[in-house]
Structures are given as structure tokens and as C-alpha cells.
Amino acid sequence: MCLALALALRCCVPAGAGAAQSAKINARLTPERLGSASAVFLGFQLPARDGHTPPALGAMQLAYPANLGLATSGLGLASCSASELEAIGGEACPPNSRMGSGTAIVELPLKIETVSEHISLEVFAGPSPDGYLHVLVYASGVFPVYAQVVLSGVLLRGQLSIVVPPIPSFPEAPDISLTQMQLTIGGHLTYYEHSGAKLVPYHPPGVGLPSSCPSGGFPFGATFVFLDGDQASAHTAVPCPRRS
Amino acid sequence: MDRRRPAPVGGIAALCATLVLGAALLAPTVLAASVLSVHDTGRLRFVHASGSVIIDEGPVSGSFPGSVRVRFLYDGEPTVSAQFTISGHGGSISAHGTGTLSSPTSATPSFGGHMTITGGSGRYAHIHGAGELFGVYNRRSYALTVQAVGKLPY
């Protein structure tokens, strides 16, 4: 709904006078074996526009092949409360709610120079009030701005919609801009299950790949909606694996 | 074991009336349709997955015992779908069902919805109708427990 609102606002807010914002994305499936489980890597870059830091991001839609087994991945067997995640951090979440991790770079356009900050990302399953799978991305940065924010998202058929809240920096400075992100869904995660009276660790297999690969590879895409009303899109494809 | 059951009482009355009128006007003999009352439960094990599709199979117990193979689709939408074929004594029954998944972040979400018969073979070559479908999906093992309920003319 927030994404729809952001898209609607785009009609009302004039875009920047300069060149439109561009975007680049990259995707990877590891291991890429058809019919097997995999980790999904998805990254994006929002380059500077006219030499200026991109505007603050309001929402993004990350599109993936609809027949990718994200919902059937066995990831997110428990859910984490957004309020507890925000207050305490990732350790507040059940291990079985962890779905992935990542990194990001944000920029703070200050008066004299633009400062970059490295952010760590943790992805969790959130509570589902509506039958959809919800995800929470916990973004944590230490310096020069110490901040933790929770991005909320929902998994739809073939796309992950994420709302990015405004990230304040210093008084009277503009909001922080997210300029790069690398997100992994799956990967080396440790879950726990009951076996009799014991809790036994195991590694969830990850996102299942279809048994066949479409010509042109597995398509991925992303649409970014900025708080100034601008919008950018990018597409890529993961090439089909070679036949052995 | 398959069971041929008579139509419900109200149905019999209507059928008799139809038959009396029909006998006067048309054929000398008309066979009443049989109804298969299905109330079957299958406890299925994971066989194979292809992306968002999971294939499970296993034994079915109940009024039409046998074995079942299910193609279960869950792509993130709250509505899941299943195509399945129950093979029992005397023939097989194929159906398609959709249901709404509850608590998707649970390790074992349940779903419930409707099923529509799509075909049959052997004694059930002409089976048709609809019913209800319930189930539990184990997100760890990909096993399914499904229950099909319906009264199906054949």
C-alpha cells in the first residue's frame, strides 16, 4: 500500500529537473543447479545523478521468476516481531525466522562533502496478518550515524516489495540515501528442530530452482521509487546453467 | 475399496419422478447414477520439487482407499493449489483444488478450500462434481497431509 502511495505521489510531485535517476542490478543463484536448492543474491546500485547523491529511497519492488521456490524454501519457519527487532536487534528474533543477510552503503550529503556509511543487513520473516509472507530487513549502521532501522516487505507472486522508511541523519541535514545493497536470501543459516526432547540444528536447503530454465535465463528486475517522486528501473537475467 | 451408494433421499424422490416421466416418454430402462461418497485422508511424503511446485505421494485411507500423487503449488500468494490423482480399486479420480493458507510463517501452516473433479478412469471414468479439500503443509519436510471430502456422482 505504501508503494502504491509512493507511486501515486509521483504524479503530484515534480521530478528533479536534471537527468532521471538510473539504477543497476545484479543477481546470482548459488549453486545454480536446476531442480535444486540455492541461495539468491540480489544487488543494486543507484549511481549519482548529475554528480549528486540520489534522493532518499521510499520503496522498491524486487522482481524474481514467479516459479522460483521462495515461498517453498523452508526459510522463515518462525516470525520475528518488528517492534522487538527495532528495540533489541537481530538477537531478539528466533533463529528459525532468519532468512538471509546482506550489506548496504548509504550516503549522507553534507554541506562540504558526501559521507558514506557501511550498513549490515539481516533478513527475518515477520508476522503475517494477511496470509502473505512478510519480511523484515534490519539495517544497522555504526558510524558516522549510529542508527538501526527496520525495512518491512511482503512477498508476492514473483516480487518482493519493500518499504524504506525515512532515515534521518543529523539535524537540518537531508535524509540518508541508500545507494547500494547486496541481499542474500538463503545461504548458510542454522535452524533448530525438535528431535524428541532435544533441539537439533540443521541447515535449511534454501530457495528451490525450477527444473527448467527459460530461454534468456532467469529474469530479475527492480523498480525504485524515490521520496522526491523520481523512479528508476533495472533488469537483469541469471544465465541458464550449462548442461553437464 | 469403492462403494456405490444411492443418491440422498430427496434426490431419489426427484430421480423417481424423472424416471416415471422419462419411462413414459423415452427409454424403457434408465440406470440411476451412483454416488461415491469420498472422505479420504492422505499422509504424503515429499518426492520432488521444482521451484514453487512440490510433488508428494503416499497412501490414502478412508472411503476410497488407495494411493495419491499431489502436485502442490505455493508461490507466496495466500492461495495454494493442488492437482491430485487418487488411484484405488476399480479406477482413479483426478481433481484440482485451491485453498487459503493460514499462518504462512508457521512451520506447519494449514489450508482449506474447494476441489473440482477433473476426470477419472475405470469405474470412475464419468465421475464429476466438487467437494472440499483440507490440508497441512510441513514447510520443513515438504510433507502434506490432505483430506478430500465430497459426494461425487459417477
# chains A, B, ... in the order shown; residues from 1 in each chain; ligands from 1
call {"tool": "interface_residues", "arguments": {"of": "chain A", "to": "chain B", "cutoff": "7 Å", "atoms": "only C-alpha atoms", "output": "NGL selection string"}}
result
:A and (35 or 66-69 or 71-72 or 74 or 76-79 or 128 or 131-133 or 155-157 or 208-211)
call {"tool": "write_last_selection", "arguments": {"atoms": "N, CA and C atoms", "output": "PDB file, in the first residue's frame"}}
result
ATOM      1  N   GLY A  35      16.426 -27.566 -10.380  1.00  0.00           N
ATOM      2  CA  GLY A  35      15.724 -28.528  -9.532  1.00  0.00           C
ATOM      3  C   GLY A  35      16.295 -28.650  -8.136  1.00  0.00           C
ATOM      4  N   ALA A  66       8.612 -16.038 -11.058  1.00  0.00           N
ATOM      5  CA  ALA A  66       7.491 -16.427 -10.194  1.00  0.00           C
ATOM      6  C   ALA A  66       7.551 -17.892  -9.785  1.00  0.00           C
ATOM      7  N   ASN A  67       8.238 -18.706 -10.594  1.00  0.00           N
ATOM      8  CA  ASN A  67       8.290 -20.129 -10.231  1.00  0.00           C
ATOM      9  C   ASN A  67       9.520 -20.488  -9.406  1.00  0.00           C
ATOM     10  N   LEU A  68      10.236 -19.479  -8.937  1.00  0.00           N
ATOM     11  CA  LEU A  68      11.337 -19.725  -8.007  1.00  0.00           C
ATOM     12  C   LEU A  68      10.727 -20.113  -6.659  1.00  0.00           C
ATOM     13  N   GLY A  69      11.338 -21.056  -5.986  1.00  0.00           N
ATOM     14  CA  GLY A  69      10.730 -21.577  -4.760  1.00  0.00           C
ATOM     15  C   GLY A  69      11.050 -20.768  -3.522  1.00  0.00           C
ATOM     16  N   ALA A  71       8.714 -19.161  -1.577  1.00  0.00           N
ATOM     17  CA  ALA A  71       7.723 -19.477  -0.548  1.00  0.00           C
ATOM     18  C   ALA A  71       7.877 -20.908  -0.045  1.00  0.00           C
ATOM     19  N   THR A  72       8.369 -21.792  -0.910  1.00  0.00           N
ATOM     20  CA  THR A  72       8.528 -23.192  -0.521  1.00  0.00           C
ATOM     21  C   THR A  72       9.956 -23.490  -0.052  1.00  0.00           C
ATOM     22  N   GLY A  74      11.331 -23.199   2.823  1.00  0.00           N
ATOM     23  CA  GLY A  74      11.570 -23.658   4.199  1.00  0.00           C
ATOM     24  C   GLY A  74      12.301 -22.617   5.016  1.00  0.00           C
ATOM     25  N   GLY A  76      12.216 -19.061   7.109  1.00  0.00           N
ATOM     26  CA  GLY A  76      11.210 -18.291   7.846  1.00  0.00           C
ATOM     27  C   GLY A  76      10.163 -19.188   8.472  1.00  0.00           C
ATOM     28  N   LEU A  77      10.614 -20.189   9.244  1.00  0.00           N
ATOM     29  CA  LEU A  77       9.669 -21.103   9.900  1.00  0.00           C
ATOM     30  C   LEU A  77       9.145 -20.531  11.208  1.00  0.00           C
ATOM     31  N   ALA A  78       9.642 -19.378  11.559  1.00  0.00           N
ATOM     32  CA  ALA A  78       9.131 -18.653  12.728  1.00  0.00           C
ATOM     33  C   ALA A  78       9.112 -17.189  12.326  1.00  0.00           C
ATOM     34  N   SER A  79       8.461 -16.373  13.110  1.00  0.00           N
ATOM     35  CA  SER A  79       8.418 -14.946  12.764  1.00  0.00           C
ATOM     36  C   SER A  79       8.988 -14.103  13.889  1.00  0.00           C
ATOM     37  N   SER A 128       2.576 -12.501   9.886  1.00  0.00           N
ATOM     38  CA  SER A 128       1.709 -12.366   8.706  1.00  0.00           C
ATOM     39  C   SER A 128       0.277 -12.068   9.134  1.00  0.00           C
ATOM     40  N   GLY A 131      -1.989 -13.427   5.477  1.00  0.00           N
ATOM     41  CA  GLY A 131      -1.767 -14.635   4.684  1.00  0.00           C
ATOM     42  C   GLY A 131      -0.569 -14.560   3.757  1.00  0.00           C
ATOM     43  N   TYR A 132      -0.022 -13.362   3.583  1.00  0.00           N
ATOM     44  CA  TYR A 132       1.188 -13.222   2.769  1.00  0.00           C
ATOM     45  C   TYR A 132       2.418 -13.418   3.656  1.00  0.00           C
ATOM     46  N   LEU A 133       3.525 -13.770   3.028  1.00  0.00           N
ATOM     47  CA  LEU A 133       4.787 -13.879   3.755  1.00  0.00           C
ATOM     48  C   LEU A 133       5.393 -12.484   3.872  1.00  0.00           C
ATOM     49  N   LEU A 155       6.209 -10.570   0.480  1.00  0.00           N
ATOM     50  CA  LEU A 155       6.497 -11.431  -0.661  1.00  0.00           C
ATOM     51  C   LEU A 155       5.201 -11.697  -1.411  1.00  0.00           C
ATOM     52  N   LEU A 156       5.181 -11.265  -2.660  1.00  0.00           N
ATOM     53  CA  LEU A 156       4.035 -11.526  -3.517  1.00  0.00           C
ATOM     54  C   LEU A 156       4.485 -12.526  -4.575  1.00  0.00           C
ATOM     55  N   ARG A 157       3.570 -12.902  -5.450  1.00  0.00           N
ATOM     56  CA  ARG A 157       3.955 -13.838  -6.512  1.00  0.00           C
ATOM     57  C   ARG A 157       4.966 -13.161  -7.434  1.00  0.00           C
ATOM     58  N   GLY A 208      14.367 -23.160  -3.860  1.00  0.00           N
ATOM     59  CA  GLY A 208      14.368 -24.189  -4.899  1.00  0.00           C
ATOM     60  C   GLY A 208      14.316 -23.584  -6.290  1.00  0.00           C
ATOM     61  N   LEU A 209      15.183 -24.078  -7.156  1.00  0.00           N
ATOM     62  CA  LEU A 209      15.146 -23.633  -8.557  1.00  0.00           C
ATOM     63  C   LEU A 209      14.218 -24.547  -9.348  1.00  0.00           C
ATOM     64  N   PRO A 210      13.566 -24.004 -10.365  1.00  0.00           N
ATOM     65  CA  PRO A 210      12.735 -24.862 -11.222  1.00  0.00           C
ATOM     66  C   PRO A 210      13.595 -25.898 -11.946  1.00  0.00           C
ATOM     67  N   SER A 211      12.937 -26.911 -12.473  1.00  0.00           N
ATOM     68  CA  SER A 211      13.662 -27.961 -13.190  1.00  0.00           C
ATOM     69  C   SER A 211      14.088 -27.527 -14.580  1.00  0.00           C
TER      70      SER A 211
END
call {"tool": "residues_around", "arguments": {"residues": "His39 in chain B", "least_positions_apart": "3", "cutoff": "8 Å", "atoms": "only C-alpha atoms", "output": "ChimeraX atom specification"}}
result
/B:62-64,147-150
call {"tool": "write_last_selection", "arguments": {"atoms": "N, CA and C atoms", "output": "short mmCIF file (atom, residue, chain, number, x, y, z; two decimals), in the first residue's frame"}}
result
data_model
loop_
_atom_site.label_atom_id
_atom_site.label_comp_id
_atom_site.auth_asym_id
_atom_site.auth_seq_id
_atom_site.Cartn_x
_atom_site.Cartn_y
_atom_site.Cartn_z
N GLY B 62 -9.64 -44.23 3.95
CA GLY B 62 -10.98 -43.65 4.02
C GLY B 62 -11.93 -44.42 3.15
N SER B 63 -12.89 -43.73 2.57
CA SER B 63 -13.93 -44.40 1.80
C SER B 63 -13.46 -44.83 0.41
N PHE B 64 -12.40 -44.23 -0.08
CA PHE B 64 -11.84 -44.63 -1.38
C PHE B 64 -10.33 -44.80 -1.20
N GLN B 147 -6.94 -33.92 3.13
CA GLN B 147 -8.23 -34.59 3.29
C GLN B 147 -9.18 -34.08 2.23
N ALA B 148 -9.79 -35.00 1.51
CA ALA B 148 -10.77 -34.65 0.47
C ALA B 148 -12.13 -35.17 0.90
N VAL B 149 -13.13 -34.32 0.78
CA VAL B 149 -14.49 -34.68 1.20
C VAL B 149 -15.46 -34.29 0.08
N GLY B 150 -16.33 -35.20 -0.29
CA GLY B 150 -17.32 -34.84 -1.30
C GLY B 150 -18.22 -36.02 -1.65
#
call {"tool": "residues_around", "arguments": {"residues": "range 217-227 of chain A", "least_positions_apart": "6", "cutoff": "8 Å", "atoms": "only C-alpha atoms", "output": "short mmCIF file (atom, residue, chain, number, x, y, z; two decimals) with C-alpha atoms, in the first residue's frame"}}
result
data_model
loop_
_atom_site.label_atom_id
_atom_site.label_comp_id
_atom_site.auth_asym_id
_atom_site.auth_seq_id
_atom_site.Cartn_x
_atom_site.Cartn_y
_atom_site.Cartn_z
CA LEU A 3 4.41 1.57 -2.53
CA ALA A 6 4.56 6.47 -3.25
CA LEU A 7 3.73 5.77 -6.89
CA ILE A 25 21.02 -4.52 -10.55
CA ALA A 27 21.60 -11.29 -9.47
CA PRO A 55 17.38 11.13 -3.49
CA ALA A 56 16.21 9.15 -0.49
CA LEU A 57 14.55 5.89 -1.42
CA GLY A 58 10.92 5.35 -0.42
CA ALA A 59 10.16 1.91 -1.76
CA MET A 60 11.46 -0.81 -4.02
CA GLN A 61 9.98 -3.77 -5.82
CA LEU A 62 12.38 -6.60 -6.47
CA ALA A 63 11.06 -8.95 -9.14
CA TYR A 64 12.15 -12.57 -9.41
CA PRO A 65 10.94 -15.51 -11.52
CA SER A 233 14.00 0.55 -13.01
CA ALA A 234 16.57 -2.03 -13.98
CA HIS A 235 16.55 -5.58 -15.26
CA THR A 236 18.98 -8.43 -15.48
CA ALA A 237 18.97 -12.19 -16.02
CA VAL A 238 20.90 -15.03 -14.50
CA PRO A 239 22.11 -17.15 -17.43
CA CYS A 240 20.92 -20.73 -17.56
#
call {"tool": "closest_residue", "arguments": {"among": "A:Ala173, A:Val150, A:Val145, A:Ala92", "to": "Ile112 in chain A", "atoms": "only C-alpha atoms"}}
result
A:Ala173
